[in-house]
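Undergrad: So that we are looking at the same thing, I have put the structure below in structure tokens.
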Amino acid sequence: MIAHCVMLNLRADHDTGELAQVMKGLAGLVGQIDGFTGFEHGPNIDLEGKSPDFAAGFVGHFTNRVALETYAADPRHRALGTRLLALCVSGGITVFDIESAS
């Protein structure tokens, strides 16, 4: 199992409707890409005060590395990623891919 964790440093003037549409598009890829099994997104509540620059994020769940690589190369994902980048400050996306046994 791989958790693809993405934190978003959104521009102050980002379009919230566009962000919602991108998240909907990414969620719609679950089951459309082999091994892409789940997706959650939402605002960063930052309870520990350690990530104030990241207003939102999402987590995609993948069965293995091959599934994540397939997702990364998928043209639908790439198009949505381009739209997402436009909503963020320069360099405003941070990604952690966490591999676990469960």
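Letters A, B, ... go to the chains of the structure tokens in the order shown; residues in each chain start at 1; ligands are counted from 1 in the same order.
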Using DSSP assignments from the backbone, pull out every residue in chain A that falls under alpha helix (DSSP H) and give it to me as an NGL selection string.
TA: :A and (16-27 or 65-73 or 75-87)
Undergrad: Please provide the set of residues having any atom within 12 Å of stretch 70-81 of chain A, restricted to only C-alpha atoms, with same-chain residues fewer than 4 positions apart removed, written as a ChimeraX atom specification.
TA: /A:4,6,8,18-37,60-66,85-88,93,97
Undergrad: Write the residues you've just listed into a file as a JSON list (two decimals), in the first residue's frame, and include C-alpha atoms for each of them.
TA:
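Saved result, result-v5.json, follows:
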```json
[["chain", "number", "residue", "atom", "x", "y", "z"],
["A", 4, "HIS", "CA", 0.41, 9.52, -1.98],
["A", 6, "VAL", "CA", 0.06, 15.97, -1.36],
["A", 8, "LEU", "CA", -0.93, 22.46, -1.31],
["A", 18, "GLU", "CA", -11.45, 25.36, -9.76],
["A", 19, "LEU", "CA", -9.84, 23.63, -6.76],
["A", 20, "ALA", "CA", -13.09, 21.75, -6.11],
["A", 21, "GLN", "CA", -13.27, 20.68, -9.76],
["A", 22, "VAL", "CA", -9.67, 19.42, -9.74],
["A", 23, "MET", "CA", -10.33, 17.42, -6.56],
["A", 24, "LYS", "CA", -13.49, 15.99, -8.13],
["A", 25, "GLY", "CA", -11.50, 15.04, -11.21],
["A", 26, "LEU", "CA", -8.80, 13.31, -9.19],
["A", 27, "ALA", "CA", -11.41, 11.45, -7.13],
["A", 28, "GLY", "CA", -13.02, 10.35, -10.37],
["A", 29, "LEU", "CA", -9.84, 8.51, -11.35],
["A", 30, "VAL", "CA", -10.29, 6.04, -8.48],
["A", 31, "GLY", "CA", -11.11, 2.72, -10.09],
["A", 32, "GLN", "CA", -10.33, 4.15, -13.54],
["A", 33, "ILE", "CA", -6.60, 3.59, -13.01],
["A", 34, "ASP", "CA", -5.66, 0.06, -12.00],
["A", 35, "GLY", "CA", -4.55, 0.01, -8.37],
["A", 36, "PHE", "CA", -5.83, 3.50, -7.49],
["A", 37, "THR", "CA", -8.10, 2.49, -4.63],
["A", 60, "GLY", "CA", -4.43, 8.97, -2.86],
["A", 61, "HIS", "CA", -4.19, 5.27, -2.01],
["A", 62, "PHE", "CA", -2.43, 2.85, -4.34],
["A", 63, "THR", "CA", -1.91, -0.88, -4.14],
["A", 64, "ASN", "CA", 1.77, -0.69, -5.11],
["A", 65, "ARG", "CA", 4.48, 1.34, -6.84],
["A", 66, "VAL", "CA", 3.40, 0.25, -10.30],
["A", 85, "LEU", "CA", -0.15, 23.88, -10.11],
["A", 86, "ALA", "CA", -1.79, 27.04, -11.46],
["A", 87, "LEU", "CA", -3.68, 27.39, -8.14],
["A", 88, "CYS", "CA", -0.51, 27.22, -6.03],
["A", 93, "ILE", "CA", 3.10, 21.42, -3.92],
["A", 97, "ASP", "CA", 4.77, 8.81, -0.93]]
```
Undergrad: Expressed in Å to a single decimal, how great is the separation between atom CA of A:Phe54 and atom CA of A:Leu68?
TA: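 Separating atom CA of A:Phe54 from atom CA of A:Leu68 is a distance of 22.9 Å.
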Undergrad: Please measure the separation of atom CA of A:Gly42 and atom CA of A:Glu69, giving the value in Å to one decimal.
TA: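 One can read the atom CA of A:Gly42 to atom CA of A:Glu69 distance as 23.6 Å.
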Undergrad: Rounded to one decimal place, report the atom CA of A:Gly17-atom CA of A:His41 distance in Å.
TA: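 Atom-to-atom, atom CA of A:Gly17 to atom CA of A:His41, that is 14.3 Å.
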Undergrad: I'd like the neighbourhood of A:Asp53 as a PyMOL selection string, where a residue qualifies if any of its atoms comes within 9 Å (using only C-alpha atoms), though same-chain residues fewer than 5 positions away should be ignored.
TA: chain A and resi 8-10+92
